[in-house]
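**Q** A single structure is presented below for examination.
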Amino acid sequence: MKTDTLRFRDLLQKDIRLLVPLFQRPYVWNQKDQWEPFWEDIRAIADDLVQGRFRRPHFLGAIVLEQVSTGAGDVETRLVIDGQQRLTTAQLVLEAFHDLCTEIGAENPRKALAKMTRIDDPMADNGESLYKVWPTTVDQEAFRLVMDAGTEAAVEAMLEGRPDLAEKPIVQGYQFFCGVIREWIDPTRGGMEKRVSELLNAVRDHMRFVVIDLEDEDDAQLIFETLNARGTPLLPTDLVKNFIFHRARVEGKDLESLYGKYWQPFDEWDDWWRKQVGRGHAQRARIDLFLQAFLTVQTRGEVPVTHVYATCRDHIVKSGESAESYLRKLHDSAEIYGTFESQDPATPAGRFFRAAEVLDVTSIMPVALELFTRFQDQPKILNPVLRDIESFLIRRMVCGLNTRGYNRLFVEMLDHIKDASALQSGIRRFLLKSDADSSRWPTDEEFRDAWVTTPVYKILVRKRVKFLLECLEREMRTAKSETFTGKLNIEHLLPQDWLKHWPLPWDASDDAAVSARNHALQTVGNLTLLTTSLNPSVSNGSWAKKCKEILKYSALSLNRDLINHSEWDESAILKRSKALFQHARKAWPHAAP
């Protein structure tokens, strides 16, 4: 390889095309993390130059280029193996500056800037070969728009009616740099010509790249992995994509065709696939969680999300599978995975995925992916299994059993997903085989004891308590019940601030009675669901008023039995907890041997 330190002028004024391969990730830089620091570096240099102060060059990082064979007379071309984010950003800066020079009539700076963004060669037509940097497929329409418009106002006019393009980082980056450059140059005050000249000097001669130009014997994929091994915002899936398409290129495949058939949906729905899901330190991009589930199914082993890329690479190499075959499997599995969140919540599948979401059990996704791959068109086979697994998860949650062994447990479950005739019996045997705390399926007796006595509102996060109550409501409805879809809140029937309207019996021991009441009011028997408008109006009132208002306005089956309670105390709460358990036992049944 050849390594040089090059100024913008050295790299970009040559007539050379720098192509970002379609297997690279889209442009993802943003204002806070990258554009503002990028601009501050440029601005600081330009400020010093305007003031006549000495300024050392500023290094923007490395760019790795791979030579591409071209025909005689064609424009010299390189593939951008690494550094496409900063290289694209540099083009946005140059184009924003170029368009402002057009507005203010700074003709010579405009020409100098154009030489760093466009090919000045008779062989370059007016299509994509005109641009010195050409982004990956998903970004090309946005890039062409900002490069062809000519002015910021023209860009804004072209974006009318195109909210899809207006939200693209390339467009937003261009608009950001237009704003900050215009503010710094400030055409309304004196000395503008000098500021334009020194800003041009700053970007052409004082901003530098370390350019690594690979030769035929260099391993582009290995260098890409090495440069992105630490401290990079690349998703594991970005590395996977790069590896698979690099492999496809080595195999002599038509990359454009493979991309359009198998990978383009990931990029077209980039916002959805790259959205961070989960909580806290376990939060990950949805596409990485999908790939983790996919690889777990493929390898039948635990795959930490941090090891997704290495696992995928090793699995492909070990299996000897072609890039096209692997892409086809990824694509087909992604189509199935993409349906999980849109399942009707009233169906067994919808409730299963809602349970997995509220319990934060992402480790069940490989099982779900395998089940739906095999049986998604056979609901009579699939639904009973989903119901059993949901029961296993919910019962363990209510009983306070830990989730630490779930990764291993659900990997083992994959081997029990076999033919349809033995599916439910095989999964049930698997779930019933252990009586250890880490993996047992709580019996009706254990479930009942925990259901009646556990202060669920105190120990479970709110969304889990609400899910329990919503499932109870669905279980208690009949064909004659109304369907209610409004927004509901959790309500304590005996309020947490109970002293005013629910005084303790005169002969009760203060400490013991207060403790017993505070415990009881957090149990499931004291909880219900009310509309957001009804909830505040009844929260702390007396039982007579509260019960009357609930029965008057609530259409929920969950509240129908309250008419049978003339008083509301610990005894009534316990009685209701036991009554609700009968519905919970039906909602989450146990497959007793």
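Naming scheme: A, B, ... for chains in displayed order of the structure tokens; residues 1 onward per chain; ligands 1 onward as shown.
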Quick one: residues within 12 Å of A:Ser197, only C-alpha atoms, excluding same-chain residues fewer than 4 positions away - as number ranges by chain?
**A** A: 46-47, 49-50, 97, 101, 106-110, 112-113, 185, 191-193, 201-205
**Q** Apply DSSP to the structure's backbone, then extract all residues of stretch 5-73 of chain A labelled alpha helix (DSSP H) and return them as a list in words.
**A**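 In stretch 5-73 of chain A, DSSP puts these residues in alpha helix (DSSP H): Phe8, Arg9, Asp10, Leu11, Leu12, Glu36, Pro37, Phe38, Trp39, Glu40, Asp41, Ile42, Arg43, Ala44, Ile45, Ala46, Asp47, Asp48, Leu49 and Val50 of chain A.
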**Q** What is the atom CA of A:Leu289-atom CA of A:Leu414 distance in Å, reported with one decimal?
**A**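 Separation between atom CA of A:Leu289 and atom CA of A:Leu414: 17.2 Å.
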**Q** Please identify all polymer residues within 12 Å of A:Thr403, counting only C-alpha atoms, omitting same-chain residues fewer than 5 positions from it, and present them as a ChimeraX atom specification.
**A** /A:359-364,392-394,396-397,408-410,437-440
**Q** Counting only C-alpha atoms, which residue out of A:Arg404, A:Arg25, A:Arg284, A:Arg249 sits closest to A:Thr137?
**A**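 Nearest candidate to A:Thr137 out of A:Arg404, A:Arg25, A:Arg284, A:Arg249: A:Arg25.
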**Q** When you count only C-alpha atoms, which of these residues is closest to A:Leu556: A:Asp497, A:Asp511, A:Glu470, A:Glu321?
**A**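 Using only C-alpha atoms, A:Leu556 sits closest to A:Glu470.
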**Q** Quick one: everything within 12 Å of A:Leu469, counting only C-alpha atoms, minus sequence neighbours fewer than 3 positions away in the same chain. Send it as a PyMOL selection string.
**A** chain A and resi 456-457+462-466+472-476+488-491+523-530+556-559+577+580-581+583-584+587
